[in-house]
Amino acid sequence: MGEIRRDVRATDLKRYSFAANNVVTAHGQNPSTNLMNPKIFTVAAVLSIAQFASAQTAAPAFAGAEGFGQFASGGNGAKTVHVTTLADDGDGSFREAVSQPDRTVVFDVSGVIRLKSNVAVSSDLTLNGQTAPADGVTFYGRSVSFSGQKNIIVRYLRFREGIAGDKGKCSVNLSEGSHMIFDHCSIEWGRWDCLGLTRGSHNITFQNCIIGESVDPQRFGSLTDDVTNITYSHNLWINNQSRNPKAKGRIQYVNNVVYNWGVCGLVGGHSGADHFQDVVGNYFIAGPDSGSHFVGEFKPTDHVYQTGNFADADKDGQLNGREVVTADFGKGDDAPTFVNQPSVGPLTNVTIESASAALNNVLANAGCSLHRDAVDTRLIDAVKSFGARGKIIHSEAEVGGQ
């Protein structure tokens, strides 16, 4: 299916103004006893749409930018700064380039930048990893933080914290951030999670990324918590014990591939607060370490719109998945509240494909894919085995390291 676009008008606001009869539980009943006030549900959905509609007067960050972060302004034609060395700091280093706002960062070098300490990125930046020669740039050994910042565009870069990083950090840390888009990035070997997206962050897209192969102590994909207007689209989540992601907030989850989860694949919010997840056209494929729960840990406070999702759980080396049904998400008090229409916002802000088409797209394009390195090539090849290969690791040393 091609790219879908249309303006958000009053008809859209009407479409997404939900009444109680638009909502069903896992048992197909009106959940008036366990659903939040429908008026609150309506206001939240309308506010989400209104924010997206107001942003549509801006130009997308780049051709192909989608989701709630697509209008990030980045460096916006500001000063261009060149990364000319693989050194951790000093003139021409990545650390120096991102220390000030209002910059477009380009890369004149390729290879591994071995970080000696965590890096904090400023606001109003564009990081154009696709400008690097040869196999591109990898940040290894510590975390890169985008916390507290806004208007950032990140493309074609690899973020790998590794087992020597701080125990409580992620490869990419993002709390209290807004208006960002991460495109074709490889976010791997995180210690707490590969990606931490938390604490009021909003209007952010992760698209065409690889998020996975997390390491000790948690080996999780992403805690996505207390967030609004987050888009995950066409990403590969791989070799994570759980949290692919843990979805707490208002989250679009469209055309992702989840491979070789451990305990659980996509995890619900399962808390007293209300959470909203639009889960559309994703493919869940079991690997050698996978248990039976490709989705799970939901509660009635999770408001789920699900359609077009597929799961292949037999690990037989062939792609022969079945369509996901509501019962897969849980039963009784461990089931979400299902809604009949998207609740996070209009799905016109993303390209939507069938789950099988999305799988092919992800295999061809996810991650820092202009020139895939050995790590990403190995991960993609594991998915292509459809259950035969893949491993949840404790340390990157188990798979050759960096």
# chains A, B, ... in the order shown; residues from 1 in each chain; ligands from 1
call {"tool": "residues_around", "arguments": {"residues": "stretch 319-323 of chain A", "least_positions_apart": "3", "cutoff": "8 Å", "atoms": "only C-alpha atoms", "output": "mmCIF file with N, CA and C atoms, in the first residue's frame"}}
result
data_model
loop_
_atom_site.group_PDB
_atom_site.id
_atom_site.type_symbol
_atom_site.label_atom_id
_atom_site.label_comp_id
_atom_site.auth_asym_id
_atom_site.auth_seq_id
_atom_site.Cartn_x
_atom_site.Cartn_y
_atom_site.Cartn_z
ATOM 1 N N ILE A 285 7.327 -12.987 15.290
ATOM 2 C CA ILE A 285 7.906 -14.240 14.831
ATOM 3 C C ILE A 285 8.758 -14.825 15.952
ATOM 4 N N GLY A 308 -4.963 -6.440 11.688
ATOM 5 C CA GLY A 308 -3.970 -6.812 10.683
ATOM 6 C C GLY A 308 -2.665 -7.335 11.227
ATOM 7 N N ASN A 309 -2.622 -7.734 12.496
ATOM 8 C CA ASN A 309 -1.394 -8.273 13.078
ATOM 9 C C ASN A 309 -1.309 -9.775 12.856
ATOM 10 N N PHE A 310 -0.068 -10.283 12.703
ATOM 11 C CA PHE A 310 0.144 -11.700 12.483
ATOM 12 C C PHE A 310 1.201 -12.223 13.444
ATOM 13 N N ALA A 311 1.103 -13.515 13.770
ATOM 14 C CA ALA A 311 2.068 -14.172 14.645
ATOM 15 C C ALA A 311 2.437 -15.532 14.072
ATOM 16 N N ASP A 312 3.739 -15.808 14.051
ATOM 17 C CA ASP A 312 4.255 -17.103 13.624
ATOM 18 C C ASP A 312 5.038 -17.670 14.798
ATOM 19 N N ALA A 313 4.452 -18.610 15.500
ATOM 20 C CA ALA A 313 5.011 -19.083 16.760
ATOM 21 C C ALA A 313 5.592 -20.486 16.705
ATOM 22 N N PHE A 386 13.427 -17.603 10.377
ATOM 23 C CA PHE A 386 12.052 -17.845 10.830
ATOM 24 C C PHE A 386 11.988 -18.887 11.957
#
call {"tool": "residues_around", "arguments": {"residues": "A:Gly165", "least_positions_apart": "2", "cutoff": "10 Å", "atoms": "only C-alpha atoms", "output": "list in words"}}
result
Leu115, Lys116, Ser117, Asn118, Tyr140, Gly141, Arg142, Ser143, Arg160, Glu161, Gly162, Ile163, Lys167, Gly168, Lys169, Cys170, Ser171, Trp189, Gly190, Arg191 and Trp192 of chain A
call {"tool": "write_last_selection", "arguments": {"atoms": "C-alpha atoms", "output": "mmCIF file, in the first residue's frame"}}
result
data_model
loop_
_atom_site.group_PDB
_atom_site.id
_atom_site.type_symbol
_atom_site.label_atom_id
_atom_site.label_comp_id
_atom_site.auth_asym_id
_atom_site.auth_seq_id
_atom_site.Cartn_x
_atom_site.Cartn_y
_atom_site.Cartn_z
ATOM 1 C CA LEU A 115 32.805 6.757 24.050
ATOM 2 C CA LYS A 116 34.614 7.128 27.373
ATOM 3 C CA SER A 117 31.604 8.739 29.064
ATOM 4 C CA ASN A 118 27.957 9.372 28.264
ATOM 5 C CA TYR A 140 30.020 2.320 21.360
ATOM 6 C CA GLY A 141 30.755 1.921 25.050
ATOM 7 C CA ARG A 142 28.447 4.463 26.700
ATOM 8 C CA SER A 143 24.999 6.047 26.314
ATOM 9 C CA ARG A 160 25.523 0.534 21.155
ATOM 10 C CA GLU A 161 26.104 1.018 24.857
ATOM 11 C CA GLY A 162 27.512 -2.408 25.634
ATOM 12 C CA ILE A 163 28.197 -4.224 28.881
ATOM 13 C CA LYS A 167 24.047 -0.304 34.598
ATOM 14 C CA GLY A 168 20.989 1.975 34.752
ATOM 15 C CA LYS A 169 21.420 3.520 31.306
ATOM 16 C CA CYS A 170 20.169 2.704 27.825
ATOM 17 C CA SER A 171 21.942 2.976 24.494
ATOM 18 C CA TRP A 189 23.277 -3.611 23.390
ATOM 19 C CA GLY A 190 21.545 -1.434 25.975
ATOM 20 C CA ARG A 191 22.022 -2.418 29.620
ATOM 21 C CA TRP A 192 18.753 -1.276 31.210
#
call {"tool": "residues_around", "arguments": {"residues": "A:Arg250", "least_positions_apart": "5", "cutoff": "9 Å", "atoms": "only C-alpha atoms", "output": "PyMOL selection string"}}
result
chain A and resi 48+226-231+275-278+343-345
call {"tool": "write_last_selection", "arguments": {"atoms": "C-alpha atoms", "output": "PDB file, in the first residue's frame"}}
result
ATOM      1  CA  SER A  48      -3.978  14.324  19.953  1.00  0.00           C
ATOM      2  CA  ASP A 226       4.464   8.460  30.534  1.00  0.00           C
ATOM      3  CA  VAL A 227       4.558   9.520  26.881  1.00  0.00           C
ATOM      4  CA  THR A 228       2.156  11.107  24.409  1.00  0.00           C
ATOM      5  CA  ASN A 229       2.011  10.868  20.622  1.00  0.00           C
ATOM      6  CA  ILE A 230       4.764   8.333  20.009  1.00  0.00           C
ATOM      7  CA  THR A 231       5.054   6.504  16.678  1.00  0.00           C
ATOM      8  CA  HIS A 275      -2.888   3.820  28.253  1.00  0.00           C
ATOM      9  CA  PHE A 276      -3.728   3.848  24.548  1.00  0.00           C
ATOM     10  CA  GLN A 277      -2.074   1.591  21.963  1.00  0.00           C
ATOM     11  CA  ASP A 278      -2.947   1.432  18.255  1.00  0.00           C
ATOM     12  CA  SER A 343      -7.546   5.967  19.752  1.00  0.00           C
ATOM     13  CA  VAL A 344      -4.092   7.561  19.652  1.00  0.00           C
ATOM     14  CA  GLY A 345      -4.674   9.673  16.548  1.00  0.00           C
TER      15      GLY A 345
END
call {"tool": "atom_distance", "arguments": {"atom1": "atom CA of A:Glu176", "atom2": "atom CA of A:Asp88"}}
result
25.9 Å
call {"tool": "select_by_dssp", "arguments": {"residues": "stretch 258-384 of chain A", "states": "helix (DSSP H, G or I)", "output": "PyMOL selection string"}}
result
chain A and resi 326-329+332-334+347-349+355-365+374-384
